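See below for structure-v5.pdb, which holds PDB, C-alpha atoms and all ligand atoms.
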```pdb
ATOM      1  CA  MET A1245     119.383 104.180  73.757  1.00  0.00           C
ATOM      2  CA  ALA A1246     117.300 102.191  76.248  1.00  0.00           C
ATOM      3  CA  VAL A1247     114.466 100.222  74.722  1.00  0.00           C
ATOM      4  CA  ALA A1248     110.890 100.458  76.045  1.00  0.00           C
ATOM      5  CA  TYR A1249     109.255  97.221  77.137  1.00  0.00           C
ATOM      6  CA  ARG A1250     105.806  95.955  78.077  1.00  0.00           C
ATOM      7  CA  VAL A1251     104.967  94.428  81.444  1.00  0.00           C
ATOM      8  CA  ARG A1252     101.798  93.334  83.240  1.00  0.00           C
ATOM      9  CA  ALA A1253     101.830  94.532  86.827  1.00  0.00           C
ATOM     10  CA  LEU A1254      99.798  95.109  89.971  1.00  0.00           C
ATOM     11  CA  ALA A1255      99.939  98.648  91.393  1.00  0.00           C
ATOM     12  CA  LEU A1256     100.843  98.586  95.103  1.00  0.00           C
ATOM     13  CA  ARG A1257     101.451 102.164  96.137  1.00  0.00           C
ATOM     14  CA  LYS A1258     101.757 105.674  94.795  1.00  0.00           C
ATOM     15  CA  THR A1259     103.984 108.437  96.112  1.00  0.00           C
ATOM     16  CA  LYS A1260     103.904 112.101  95.095  1.00  0.00           C
ATOM     17  CA  LEU A1261     106.847 113.392  93.109  1.00  0.00           C
ATOM     18  CA  GLY A1262     107.277 117.088  92.393  1.00  0.00           C
ATOM     19  CA  GLU A1263     104.296 119.167  91.249  1.00  0.00           C
ATOM     20  CA  SER A1264     102.322 116.699  89.198  1.00  0.00           C
ATOM     21  CA  ASP A1265     104.130 113.360  88.958  1.00  0.00           C
ATOM     22  CA  LEU A1266     103.747 110.095  90.843  1.00  0.00           C
ATOM     23  CA  ILE A1267     106.119 107.272  91.675  1.00  0.00           C
ATOM     24  CA  ILE A1268     104.203 104.014  91.318  1.00  0.00           C
ATOM     25  CA  THR A1269     105.442 100.898  93.117  1.00  0.00           C
ATOM     26  CA  LEU A1270     104.445  97.825  91.133  1.00  0.00           C
ATOM     27  CA  LEU A1271     104.556  94.056  91.451  1.00  0.00           C
ATOM     28  CA  ALA A1272     105.492  92.739  88.008  1.00  0.00           C
ATOM     29  CA  GLU A1273     104.062  89.503  86.678  1.00  0.00           C
ATOM     30  CA  ASP A1274     107.347  87.704  87.395  1.00  0.00           C
ATOM     31  CA  GLY A1275     107.088  88.712  91.070  1.00  0.00           C
ATOM     32  CA  SER A1276     109.810  91.351  91.022  1.00  0.00           C
ATOM     33  CA  GLN A1277     109.224  94.924  92.158  1.00  0.00           C
ATOM     34  CA  ILE A1278     109.333  97.845  89.740  1.00  0.00           C
ATOM     35  CA  ARG A1279     109.275 101.537  90.674  1.00  0.00           C
ATOM     36  CA  ALA A1280     108.245 103.823  87.874  1.00  0.00           C
ATOM     37  CA  VAL A1281     107.504 107.498  87.368  1.00  0.00           C
ATOM     38  CA  ALA A1282     104.124 108.436  85.899  1.00  0.00           C
ATOM     39  CA  LYS A1283     104.658 111.958  84.580  1.00  0.00           C
ATOM     40  CA  GLY A1284     101.733 114.351  84.943  1.00  0.00           C
ATOM     41  CA  ALA A1285      99.757 111.604  86.692  1.00  0.00           C
ATOM     42  CA  ARG A1286      98.304 113.975  89.289  1.00  0.00           C
ATOM     43  CA  LYS A1287      96.768 116.292  86.723  1.00  0.00           C
ATOM     44  CA  MET A1288      92.964 116.096  86.595  1.00  0.00           C
ATOM     45  CA  LYS A1289      92.719 114.569  83.169  1.00  0.00           C
ATOM     46  CA  SER A1290      95.662 112.174  83.382  1.00  0.00           C
ATOM     47  CA  ARG A1291      94.648 108.824  81.927  1.00  0.00           C
ATOM     48  CA  ILE A1292      97.829 107.206  83.194  1.00  0.00           C
ATOM     49  CA  GLY A1293      97.125 108.297  86.794  1.00  0.00           C
ATOM     50  CA  SER A1294      93.562 106.995  86.829  1.00  0.00           C
ATOM     51  CA  ARG A1295      94.709 103.578  85.601  1.00  0.00           C
ATOM     52  CA  LEU A1296      97.433 103.129  88.203  1.00  0.00           C
ATOM     53  CA  GLU A1297      95.405 103.331  91.399  1.00  0.00           C
ATOM     54  CA  PRO A1298      96.611 100.832  94.031  1.00  0.00           C
ATOM     55  CA  TYR A1299      95.215  97.275  93.563  1.00  0.00           C
ATOM     56  CA  SER A1300      94.626  97.721  89.823  1.00  0.00           C
ATOM     57  CA  VAL A1301      96.246  95.373  87.317  1.00  0.00           C
ATOM     58  CA  ALA A1302      97.451  96.903  84.062  1.00  0.00           C
ATOM     59  CA  ASP A1303      99.659  96.344  81.054  1.00  0.00           C
ATOM     60  CA  LEU A1304     102.314  99.054  81.045  1.00  0.00           C
ATOM     61  CA  MET A1305     104.814 100.265  78.544  1.00  0.00           C
ATOM     62  CA  LEU A1306     107.941 101.268  80.452  1.00  0.00           C
ATOM     63  CA  SER A1307     110.946 103.120  79.276  1.00  0.00           C
ATOM     64  CA  PRO A1308     114.109 102.652  81.359  1.00  0.00           C
ATOM     65  CA  GLY A1309     115.132 105.862  83.111  1.00  0.00           C
ATOM     66  CA  ARG A1310     118.255 106.792  85.024  1.00  0.00           C
ATOM     67  CA  SER A1311     117.074 105.490  88.407  1.00  0.00           C
ATOM     68  CA  LEU A1312     113.362 104.789  87.910  1.00  0.00           C
ATOM     69  CA  GLU A1313     111.444 103.478  84.902  1.00  0.00           C
ATOM     70  CA  ILE A1314     109.106 105.874  83.094  1.00  0.00           C
ATOM     71  CA  VAL A1315     105.510 104.910  82.340  1.00  0.00           C
ATOM     72  CA  THR A1316     104.635 105.783  78.750  1.00  0.00           C
ATOM     73  CA  GLU A1317     101.387 103.815  78.250  1.00  0.00           C
ATOM     74  CA  VAL A1318      98.875 102.068  80.486  1.00  0.00           C
ATOM     75  CA  GLU A1319      96.148  99.649  79.494  1.00  0.00           C
ATOM     76  CA  MET A1320      93.833  98.651  82.333  1.00  0.00           C
ATOM     77  CA  ILE A1321      93.277  94.920  82.774  1.00  0.00           C
ATOM     78  CA  THR A1322      91.394  94.744  86.111  1.00  0.00           C
ATOM     79  CA  SER A1323      90.572  97.901  88.056  1.00  0.00           C
ATOM     80  CA  HIS A1324      89.407  96.215  91.299  1.00  0.00           C
ATOM     81  CA  ASP A1325      87.201  99.291  91.895  1.00  0.00           C
ATOM     82  CA  ALA A1326      85.125  97.495  94.531  1.00  0.00           C
ATOM     83  CA  LEU A1327      88.209  97.261  96.756  1.00  0.00           C
ATOM     84  CA  ARG A1328      88.531 101.048  96.859  1.00  0.00           C
ATOM     85  CA  SER A1329      84.830 101.819  97.388  1.00  0.00           C
ATOM     86  CA  ASP A1330      84.239  99.646 100.481  1.00  0.00           C
ATOM     87  CA  TYR A1331      86.078 100.345 103.737  1.00  0.00           C
ATOM     88  CA  ASP A1332      86.347  96.698 104.863  1.00  0.00           C
ATOM     89  CA  ARG A1333      87.606  95.544 101.454  1.00  0.00           C
ATOM     90  CA  LEU A1334      90.015  98.464 101.274  1.00  0.00           C
ATOM     91  CA  ARG A1335      91.570  97.583 104.649  1.00  0.00           C
ATOM     92  CA  ALA A1336      92.032  93.933 103.620  1.00  0.00           C
ATOM     93  CA  ALA A1337      93.477  94.848 100.199  1.00  0.00           C
ATOM     94  CA  ALA A1338      95.830  97.324 101.883  1.00  0.00           C
ATOM     95  CA  VAL A1339      97.396  94.461 103.873  1.00  0.00           C
ATOM     96  CA  VAL A1340      98.021  92.564 100.616  1.00  0.00           C
ATOM     97  CA  ALA A1341      99.654  95.587  98.963  1.00  0.00           C
ATOM     98  CA  ASP A1342     101.653  96.457 102.088  1.00  0.00           C
ATOM     99  CA  PHE A1343     103.042  92.905 102.339  1.00  0.00           C
ATOM    100  CA  LEU A1344     103.981  92.822  98.630  1.00  0.00           C
ATOM    101  CA  ASP A1345     105.559  96.268  98.842  1.00  0.00           C
ATOM    102  CA  LYS A1346     107.839  95.070 101.671  1.00  0.00           C
ATOM    103  CA  VAL A1347     108.759  91.552 100.461  1.00  0.00           C
ATOM    104  CA  SER A1348     109.164  92.022  96.702  1.00  0.00           C
ATOM    105  CA  VAL A1349     112.573  93.088  95.456  1.00  0.00           C
ATOM    106  CA  GLU A1350     113.724  94.796  92.264  1.00  0.00           C
ATOM    107  CA  GLY A1351     115.186  92.306  89.798  1.00  0.00           C
ATOM    108  CA  GLN A1352     114.283  89.302  91.960  1.00  0.00           C
ATOM    109  CA  ALA A1353     111.626  87.063  90.431  1.00  0.00           C
ATOM    110  CA  GLU A1354     109.212  84.889  92.421  1.00  0.00           C
ATOM    111  CA  SER A1355     106.980  83.238  89.867  1.00  0.00           C
ATOM    112  CA  ARG A1356     103.952  82.427  92.057  1.00  0.00           C
ATOM    113  CA  THR A1357     103.457  85.679  93.984  1.00  0.00           C
ATOM    114  CA  PHE A1358     101.693  87.639  91.231  1.00  0.00           C
ATOM    115  CA  ALA A1359      99.028  84.986  90.644  1.00  0.00           C
ATOM    116  CA  LEU A1360      98.467  84.593  94.396  1.00  0.00           C
ATOM    117  CA  SER A1361      98.111  88.356  94.799  1.00  0.00           C
ATOM    118  CA  THR A1362      95.758  89.034  91.914  1.00  0.00           C
ATOM    119  CA  THR A1363      93.614  86.001  92.839  1.00  0.00           C
ATOM    120  CA  THR A1364      93.435  87.206  96.447  1.00  0.00           C
ATOM    121  CA  LEU A1365      92.284  90.667  95.314  1.00  0.00           C
ATOM    122  CA  ASP A1366      89.749  89.137  92.874  1.00  0.00           C
ATOM    123  CA  VAL A1367      88.254  87.066  95.703  1.00  0.00           C
ATOM    124  CA  MET A1368      88.311  89.981  98.171  1.00  0.00           C
ATOM    125  CA  GLU A1369      86.318  92.070  95.718  1.00  0.00           C
ATOM    126  CA  THR A1370      83.231  89.851  95.917  1.00  0.00           C
ATOM    127  CA  ALA A1371      83.702  87.876  99.154  1.00  0.00           C
ATOM    128  CA  ASP A1372      81.304  88.152 102.080  1.00  0.00           C
ATOM    129  CA  VAL A1373      82.736  90.936 104.269  1.00  0.00           C
ATOM    130  CA  ALA A1374      82.818  88.524 107.224  1.00  0.00           C
ATOM    131  CA  ASP A1375      85.268  86.301 105.299  1.00  0.00           C
ATOM    132  CA  LEU A1376      87.825  89.058 104.628  1.00  0.00           C
ATOM    133  CA  PRO A1377      89.948  88.480 107.777  1.00  0.00           C
ATOM    134  CA  LEU A1378      90.319  84.776 106.918  1.00  0.00           C
ATOM    135  CA  LEU A1379      91.354  85.730 103.368  1.00  0.00           C
ATOM    136  CA  VAL A1380      93.999  88.031 104.832  1.00  0.00           C
ATOM    137  CA  VAL A1381      95.340  85.171 106.987  1.00  0.00           C
ATOM    138  CA  ALA A1382      95.350  82.811 103.983  1.00  0.00           C
ATOM    139  CA  PHE A1383      97.194  85.349 101.836  1.00  0.00           C
ATOM    140  CA  LEU A1384      99.847  85.980 104.500  1.00  0.00           C
ATOM    141  CA  ALA A1385     100.398  82.252 105.126  1.00  0.00           C
ATOM    142  CA  LYS A1386     100.719  81.494 101.411  1.00  0.00           C
ATOM    143  CA  GLY A1387     102.822  84.594 100.782  1.00  0.00           C
ATOM    144  CA  MET A1388     105.240  83.695 103.584  1.00  0.00           C
ATOM    145  CA  ALA A1389     105.442  80.099 102.266  1.00  0.00           C
ATOM    146  CA  MET A1390     106.360  81.389  98.798  1.00  0.00           C
ATOM    147  CA  HIS A1391     109.160  83.450 100.291  1.00  0.00           C
ATOM    148  CA  GLY A1392     110.724  80.476 102.061  1.00  0.00           C
ATOM    149  CA  TYR A1393     108.791  80.597 105.324  1.00  0.00           C
ATOM    150  CA  ARG A1394     106.286  77.771 105.034  1.00  0.00           C
ATOM    151  CA  PRO A1395     105.128  77.139 108.622  1.00  0.00           C
ATOM    152  CA  ALA A1396     105.701  73.665 110.080  1.00  0.00           C
ATOM    153  CA  LEU A1397     102.326  72.806 111.597  1.00  0.00           C
ATOM    154  CA  THR A1398     102.121  69.097 112.345  1.00  0.00           C
ATOM    155  CA  ALA A1399     105.345  68.129 114.176  1.00  0.00           C
ATOM    156  CA  CYS A1400     108.050  70.036 116.052  1.00  0.00           C
ATOM    157  CA  ALA A1401     109.798  72.467 113.681  1.00  0.00           C
ATOM    158  CA  CYS A1402     113.158  71.769 115.382  1.00  0.00           C
ATOM    159  CA  CYS A1403     113.299  68.038 116.140  1.00  0.00           C
ATOM    160  CA  ALA A1404     110.186  66.597 114.409  1.00  0.00           C
ATOM    161  CA  ALA A1405     108.912  65.144 117.702  1.00  0.00           C
ATOM    162  CA  ALA A1406     105.186  65.141 118.440  1.00  0.00           C
ATOM    163  CA  THR A1407     103.765  68.370 119.858  1.00  0.00           C
ATOM    164  CA  VAL A1408     101.297  68.762 122.727  1.00  0.00           C
ATOM    165  CA  PRO A1409      98.050  70.231 121.334  1.00  0.00           C
ATOM    166  CA  GLU A1410      96.832  71.454 124.757  1.00  0.00           C
ATOM    167  CA  ASP A1411      99.978  73.570 125.021  1.00  0.00           C
ATOM    168  CA  THR A1412     100.505  74.836 121.491  1.00  0.00           C
ATOM    169  CA  ARG A1413     103.610  76.949 121.084  1.00  0.00           C
ATOM    170  CA  PHE A1414     104.818  78.433 117.849  1.00  0.00           C
ATOM    171  CA  SER A1415     108.408  79.475 117.249  1.00  0.00           C
ATOM    172  CA  LEU A1416     108.590  82.660 115.197  1.00  0.00           C
ATOM    173  CA  SER A1417     112.260  82.047 114.367  1.00  0.00           C
ATOM    174  CA  ALA A1418     111.901  78.354 113.452  1.00  0.00           C
ATOM    175  CA  GLY A1419     108.575  79.022 111.749  1.00  0.00           C
ATOM    176  CA  GLY A1420     106.435  76.319 113.277  1.00  0.00           C
ATOM    177  CA  VAL A1421     105.021  74.509 116.266  1.00  0.00           C
ATOM    178  CA  LEU A1422     107.455  73.142 118.836  1.00  0.00           C
ATOM    179  CA  CYS A1423     107.515  70.190 121.231  1.00  0.00           C
ATOM    180  CA  PRO A1424     107.786  71.127 124.964  1.00  0.00           C
ATOM    181  CA  ALA A1425     111.540  70.348 125.098  1.00  0.00           C
ATOM    182  CA  CYS A1426     112.432  72.598 122.157  1.00  0.00           C
ATOM    183  CA  ALA A1427     109.962  75.298 123.249  1.00  0.00           C
ATOM    184  CA  GLY A1428     111.906  75.715 126.486  1.00  0.00           C
ATOM    185  CA  GLN A1429     115.027  76.742 124.577  1.00  0.00           C
ATOM    186  CA  ASP A1430     113.455  79.147 122.090  1.00  0.00           C
ATOM    187  CA  SER A1431     113.070  82.819 122.997  1.00  0.00           C
ATOM    188  CA  SER A1432     110.806  83.568 120.025  1.00  0.00           C
ATOM    189  CA  VAL A1433     108.033  81.230 121.167  1.00  0.00           C
ATOM    190  CA  VAL A1434     104.455  82.471 121.346  1.00  0.00           C
ATOM    191  CA  ARG A1435     101.472  80.549 122.676  1.00  0.00           C
ATOM    192  CA  THR A1436      98.505  80.101 120.405  1.00  0.00           C
ATOM    193  CA  ALA A1437      95.172  78.279 120.399  1.00  0.00           C
ATOM    194  CA  PRO A1438      95.430  74.514 119.656  1.00  0.00           C
ATOM    195  CA  ASP A1439      93.319  74.852 116.519  1.00  0.00           C
ATOM    196  CA  VAL A1440      95.380  77.670 114.953  1.00  0.00           C
ATOM    197  CA  PRO A1441      97.979  75.328 113.350  1.00  0.00           C
ATOM    198  CA  VAL A1442      95.082  73.213 112.032  1.00  0.00           C
ATOM    199  CA  VAL A1443      93.483  76.295 110.467  1.00  0.00           C
ATOM    200  CA  LEU A1444      96.763  77.466 108.927  1.00  0.00           C
ATOM    201  CA  GLY A1445      97.356  74.000 107.454  1.00  0.00           C
ATOM    202  CA  ALA A1446      93.872  74.001 105.941  1.00  0.00           C
ATOM    203  CA  LEU A1447      94.391  77.491 104.497  1.00  0.00           C
ATOM    204  CA  LEU A1448      97.746  76.546 102.966  1.00  0.00           C
ATOM    205  CA  GLY A1449      96.084  73.576 101.282  1.00  0.00           C
ATOM    206  CA  ALA A1450      93.009  75.452 100.042  1.00  0.00           C
ATOM    207  CA  LYS A1451      92.449  77.659  97.008  1.00  0.00           C
ATOM    208  CA  LEU A1452      91.626  81.279  97.894  1.00  0.00           C
ATOM    209  CA  ALA A1453      88.150  80.912  96.385  1.00  0.00           C
ATOM    210  CA  ASP A1454      87.442  77.955  98.719  1.00  0.00           C
ATOM    211  CA  VAL A1455      88.658  79.574 101.951  1.00  0.00           C
ATOM    212  CA  SER A1456      85.229  80.820 103.068  1.00  0.00           C
ATOM    213  CA  ALA A1457      83.810  77.293 102.696  1.00  0.00           C
ATOM    214  CA  LEU A1458      86.163  76.104 105.469  1.00  0.00           C
ATOM    215  CA  GLY A1459      83.765  77.670 107.993  1.00  0.00           C
ATOM    216  CA  VAL A1460      86.445  78.879 110.404  1.00  0.00           C
ATOM    217  CA  PRO A1461      84.885  80.627 113.447  1.00  0.00           C
ATOM    218  CA  SER A1462      85.733  84.324 113.781  1.00  0.00           C
ATOM    219  CA  ASP A1463      87.537  84.015 117.150  1.00  0.00           C
ATOM    220  CA  LEU A1464      89.827  81.354 115.682  1.00  0.00           C
ATOM    221  CA  THR A1465      90.402  83.507 112.587  1.00  0.00           C
ATOM    222  CA  HIS A1466      91.404  86.322 114.916  1.00  0.00           C
ATOM    223  CA  ASP A1467      93.877  84.073 116.796  1.00  0.00           C
ATOM    224  CA  ALA A1468      95.369  82.924 113.473  1.00  0.00           C
ATOM    225  CA  LEU A1469      95.643  86.542 112.303  1.00  0.00           C
ATOM    226  CA  ILE A1470      97.501  87.563 115.473  1.00  0.00           C
ATOM    227  CA  LEU A1471      99.939  84.650 115.050  1.00  0.00           C
ATOM    228  CA  MET A1472     100.544  85.390 111.356  1.00  0.00           C
ATOM    229  CA  LYS A1473     101.101  89.059 112.140  1.00  0.00           C
ATOM    230  CA  ALA A1474     103.758  88.105 114.710  1.00  0.00           C
ATOM    231  CA  PHE A1475     105.344  85.672 112.209  1.00  0.00           C
ATOM    232  CA  VAL A1476     105.422  88.207 109.364  1.00  0.00           C
ATOM    233  CA  THR A1477     106.686  90.985 111.616  1.00  0.00           C
ATOM    234  CA  TYR A1478     109.466  88.755 112.958  1.00  0.00           C
ATOM    235  CA  HIS A1479     110.838  87.959 109.486  1.00  0.00           C
ATOM    236  CA  VAL A1480     110.068  91.109 107.477  1.00  0.00           C
ATOM    237  CA  PRO A1481     112.139  93.983 108.837  1.00  0.00           C
ATOM    238  CA  ALA A1482     110.065  96.887 107.472  1.00  0.00           C
ATOM    239  CA  ARG A1483     107.052  98.059 109.440  1.00  0.00           C
ATOM    240  CA  MET A1484     103.710  97.224 107.822  1.00  0.00           C
ATOM    241  CA  LYS A1485     101.270  99.971 108.769  1.00  0.00           C
ATOM    242  CA  ALA A1486      98.285  98.368 107.043  1.00  0.00           C
ATOM    243  CA  LEU A1487      98.831  95.072 108.866  1.00  0.00           C
ATOM    244  CA  ASP A1488      99.220  96.918 112.186  1.00  0.00           C
ATOM    245  CA  ALA A1489      95.956  98.769 111.547  1.00  0.00           C
ATOM    246  CA  TYR A1490      94.173  95.585 110.486  1.00  0.00           C
ATOM    247  CA  THR A1491      95.023  93.682 113.652  1.00  0.00           C
ATOM    248  CA  ARG A1492      94.337  96.711 115.858  1.00  0.00           C
ATOM    249  CA  GLU A1493      90.815  97.297 114.586  1.00  0.00           C
ATOM    250  CA  GLY A1494      90.070  93.575 114.356  1.00  0.00           C
TER
HETATM  251 ZN    ZN B   1     111.297  69.543 119.341  1.00  0.00          ZN
END
```
What would the structure in this file look like if it were written as structure tokens?
Amino acid sequence: MAVAYRVRALALRKTKLGESDLIITLLAEDGSQIRAVAKGARKMKSRIGSRLEPYSVADLMLSPGRSLEIVTEVEMITSHDALRSDYDRLRAAAVVADFLDKVSVEGQAESRTFALSTTTLDVMETADVADLPLLVVAFLAKGMAMHGYRPALTACACCAAATVPEDTRFSLSAGGVLCPACAGQDSSVVRTAPDVPVVLGALLGAKLADVSALGVPSDLTHDALILMKAFVTYHVPARMKALDAYTREG
């Protein structure tokens, strides 16, 4: 008989199953994805359901099922309630969950993603609302770097030659800025503002809690967000509705 086990996880998404159950998509502490059934979770008095709202962190007892795990106990660690009660925070947190839902894989560990994600949500809960877009950019840049797509921002991503700041071009496929010669041969090149690579470099080097202190102007944050959206979309095949909505509404 399969043995139940305990895991700390971040809830990313819930999907209805049958009359009263939910399928919860989770990011486990080791960075792998887990999908689990919470039986009876949609009933009014379900304690399991109320503790597995998206963006909450919990300790779960899981029992292996035939195709999905089964949630047998939930102990709330951090509810992140403020993310669900404020529209701006909710939209930013939704991008985090959407990204994790699409890049995490069952049985595939990535040891740094969980800490990055929970720290990002902690900071988003109390940050100045005006700083949320920059936090989203920082999360996406760091998240892409952890999954093998750390952007090259100081020299040409193809040949390491110097780039021309007045004509900044970023290769989505090569994942970095390009010199004029290489840019001419790359069909995935997008133009961006000269300061965008500088901002992304600063974000990659900063802790999430220190991002707002960088004082990045909002128009530059917007340019960086548009570039990161293009970069993520190029490399992650699944459509991210929350990221689409975030860049559409600004
Ligand atoms: Zn080059």
On this structure, which residues satisfy the PyMOL selection byres (((not hetatm)) within 12 of (chain B and resi 1)), written as a compact mmCIF listing (two decimals) with C-alpha atoms, in the coordinates of the input?
```txt
# COMPACT_ATOMS: atom_id res chain seq x y z
CA ALA A 1396 105.70 73.67 110.08
CA THR A 1398 102.12 69.10 112.34
CA ALA A 1399 105.34 68.13 114.18
CA CYS A 1400 108.05 70.04 116.05
CA ALA A 1401 109.80 72.47 113.68
CA CYS A 1402 113.16 71.77 115.38
CA CYS A 1403 113.30 68.04 116.14
CA ALA A 1404 110.19 66.60 114.41
CA ALA A 1405 108.91 65.14 117.70
CA ALA A 1406 105.19 65.14 118.44
CA THR A 1407 103.76 68.37 119.86
CA VAL A 1408 101.30 68.76 122.73
CA ARG A 1413 103.61 76.95 121.08
CA PHE A 1414 104.82 78.43 117.85
CA SER A 1415 108.41 79.47 117.25
CA ALA A 1418 111.90 78.35 113.45
CA GLY A 1420 106.44 76.32 113.28
CA VAL A 1421 105.02 74.51 116.27
CA LEU A 1422 107.46 73.14 118.84
CA CYS A 1423 107.52 70.19 121.23
CA PRO A 1424 107.79 71.13 124.96
CA ALA A 1425 111.54 70.35 125.10
CA CYS A 1426 112.43 72.60 122.16
CA ALA A 1427 109.96 75.30 123.25
CA GLY A 1428 111.91 75.72 126.49
CA GLN A 1429 115.03 76.74 124.58
CA ASP A 1430 113.46 79.15 122.09
```
How close does each residue of stretch 1431-1469 of chain A get to stretch 1362-1371 of chain A, giving the shortest atom pair and distance in Å to one decimal for every residue with an atom at most 12 Å away, counting only C-alpha atoms, sorted by chain and residue number, as a Markdown table?
```
| residue | atom | partner | partner_atom | distance |
| --- | --- | --- | --- | --- |
| A:Lys1451 | CA | A:Thr1363 | CA | 9.4 |
| A:Leu1452 | CA | A:Thr1364 | CA | 6.4 |
| A:Ala1453 | CA | A:Val1367 | CA | 6.2 |
| A:Asp1454 | CA | A:Val1367 | CA | 9.6 |
| A:Val1455 | CA | A:Val1367 | CA | 9.8 |
| A:Ser1456 | CA | A:Ala1371 | CA | 8.2 |
| A:Ala1457 | CA | A:Ala1371 | CA | 11.2 |
```
Convert the output of the PyMOL selection byres (((chain A and resi 1393) around 10) and not hetatm) on the shown file into explicit residues, formatted as an mmCIF file with C-alpha atoms, in the coordinates of the input.
```cif
data_model
loop_
_atom_site.group_PDB
_atom_site.id
_atom_site.type_symbol
_atom_site.label_atom_id
_atom_site.label_comp_id
_atom_site.auth_asym_id
_atom_site.auth_seq_id
_atom_site.Cartn_x
_atom_site.Cartn_y
_atom_site.Cartn_z
ATOM 1 C CA ALA A 1385 100.398 82.252 105.126
ATOM 2 C CA LYS A 1386 100.719 81.494 101.411
ATOM 3 C CA GLY A 1387 102.822 84.594 100.782
ATOM 4 C CA MET A 1388 105.240 83.695 103.584
ATOM 5 C CA ALA A 1389 105.442 80.099 102.266
ATOM 6 C CA MET A 1390 106.360 81.389 98.798
ATOM 7 C CA HIS A 1391 109.160 83.450 100.291
ATOM 8 C CA GLY A 1392 110.724 80.476 102.061
ATOM 9 C CA ARG A 1394 106.286 77.771 105.034
ATOM 10 C CA PRO A 1395 105.128 77.139 108.622
ATOM 11 C CA ALA A 1396 105.701 73.665 110.080
ATOM 12 C CA SER A 1417 112.260 82.047 114.367
ATOM 13 C CA ALA A 1418 111.901 78.354 113.452
ATOM 14 C CA GLY A 1419 108.575 79.022 111.749
ATOM 15 C CA GLY A 1420 106.435 76.319 113.277
ATOM 16 C CA PHE A 1475 105.344 85.672 112.209
ATOM 17 C CA VAL A 1476 105.422 88.207 109.364
ATOM 18 C CA HIS A 1479 110.838 87.959 109.486
#
```
**Request:** Report as a ChimeraX atom specification the residues that result from applying the PyMOL selection byres (((chain A and resi 1446-1449) around 6) and not hetatm) to the structure here.
**Result:** /A:1382,1386,1443-1445,1450
Nearest to A:Leu1334, restricted to all atoms listed in the file and choosing among A:Thr1436, A:Asp1274, A:Pro1298, A:Leu1254, comes out as A:Pro1298
Taken to one decimal, the atom CA of A:Arg1328-atom CA of A:Val1301 distance is 13.5 Å
_Neighbouring residues of stretch 1489-1493 of chain A were defined as those with any atom within 10 Å, considering all atoms listed in the file; residues of the same chain fewer than 3 positions away were excluded. Please report them as a list in words._
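These residues fall inside the cut-off: Asp1332, Arg1335, Ala1336, Ala1338, Val1339, Pro1377, Val1380, His1466, Leu1469, Ile1470, Lys1473, Met1484, Lys1485 and Ala1486 of chain A.
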Query raised in the report: What does the distance from atom CA of A:Gly1284 to atom CA of A:Asp1265 come to in Å, to one decimal?
Result: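 Here the two named atoms are 4.8 Å from each other.
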(Q) Between A:Ser1300, A:Ser1307, A:Thr1477, A:Ser1462, which residue has the minimum interatomic distance to A:His1324, considering only C-alpha atoms? (A)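 For A:His1324, the nearest of the given residues is A:Ser1300.
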Taken to one decimal, the atom CA of A:Lys1283-atom CA of A:Lys1346 distance is 24.2 Å
Centre and edges of the stretch 1315-1329 of chain A box, axis-aligned, 5 Å extra per side, as JSON:
```
{"center_x": 95.2, "center_y": 100.3, "center_z": 87.8, "size_x": 30.7, "size_y": 21.0, "size_z": 29.1}
```
Could you list, as a list in words, every residue within 10 Å of A:Met1305, counting only C-alpha atoms and ignoring same-chain residues fewer than 5 positions away?
Ala1248, Tyr1249, Arg1250, Val1251, Arg1252, Glu1313, Ile1314, Val1315, Thr1316, Glu1317, Val1318 and Glu1319 of chain A
Output the selection as a PDB file, keeping the file's coordinate frame - C-alpha atoms for each residue.
```pdb
ATOM      1  CA  ALA A1248     110.890 100.458  76.045  1.00  0.00           C
ATOM      2  CA  TYR A1249     109.255  97.221  77.137  1.00  0.00           C
ATOM      3  CA  ARG A1250     105.806  95.955  78.077  1.00  0.00           C
ATOM      4  CA  VAL A1251     104.967  94.428  81.444  1.00  0.00           C
ATOM      5  CA  ARG A1252     101.798  93.334  83.240  1.00  0.00           C
ATOM      6  CA  GLU A1313     111.444 103.478  84.902  1.00  0.00           C
ATOM      7  CA  ILE A1314     109.106 105.874  83.094  1.00  0.00           C
ATOM      8  CA  VAL A1315     105.510 104.910  82.340  1.00  0.00           C
ATOM      9  CA  THR A1316     104.635 105.783  78.750  1.00  0.00           C
ATOM     10  CA  GLU A1317     101.387 103.815  78.250  1.00  0.00           C
ATOM     11  CA  VAL A1318      98.875 102.068  80.486  1.00  0.00           C
ATOM     12  CA  GLU A1319      96.148  99.649  79.494  1.00  0.00           C
TER      13      GLU A1319
END
```
From A:Lys1258, A:Arg1310, A:Arg1295, A:Lys1287, residue lying nearest A:Ala1246 [all atoms listed in the file]: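 Nearest to A:Ala1246: A:Arg1310.
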_Restricting the calculation to all atoms listed in the file: of A:Val1247, A:Ala1285, A:Leu1256, A:Ile1268, which residue gets closest to A:Gly1309?_
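When distances to A:Gly1309 are compared using all atoms listed in the file, the smallest one comes from A:Val1247.
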**Pick from A:Met1288, A:Ala1474, A:Leu1464, A:Ala1272 nearest to A:Ala1437, counting all atoms listed in the file** =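 Of all the options, A:Leu1464 lies closest to A:Ala1437.
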(Q) When you count only C-alpha atoms, which of these residues is closest to A:Tyr1478: A:Ser1432, A:Thr1465, A:Val1442, A:Tyr1331? (A)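 Smallest separation from A:Tyr1478 among the options: A:Ser1432.
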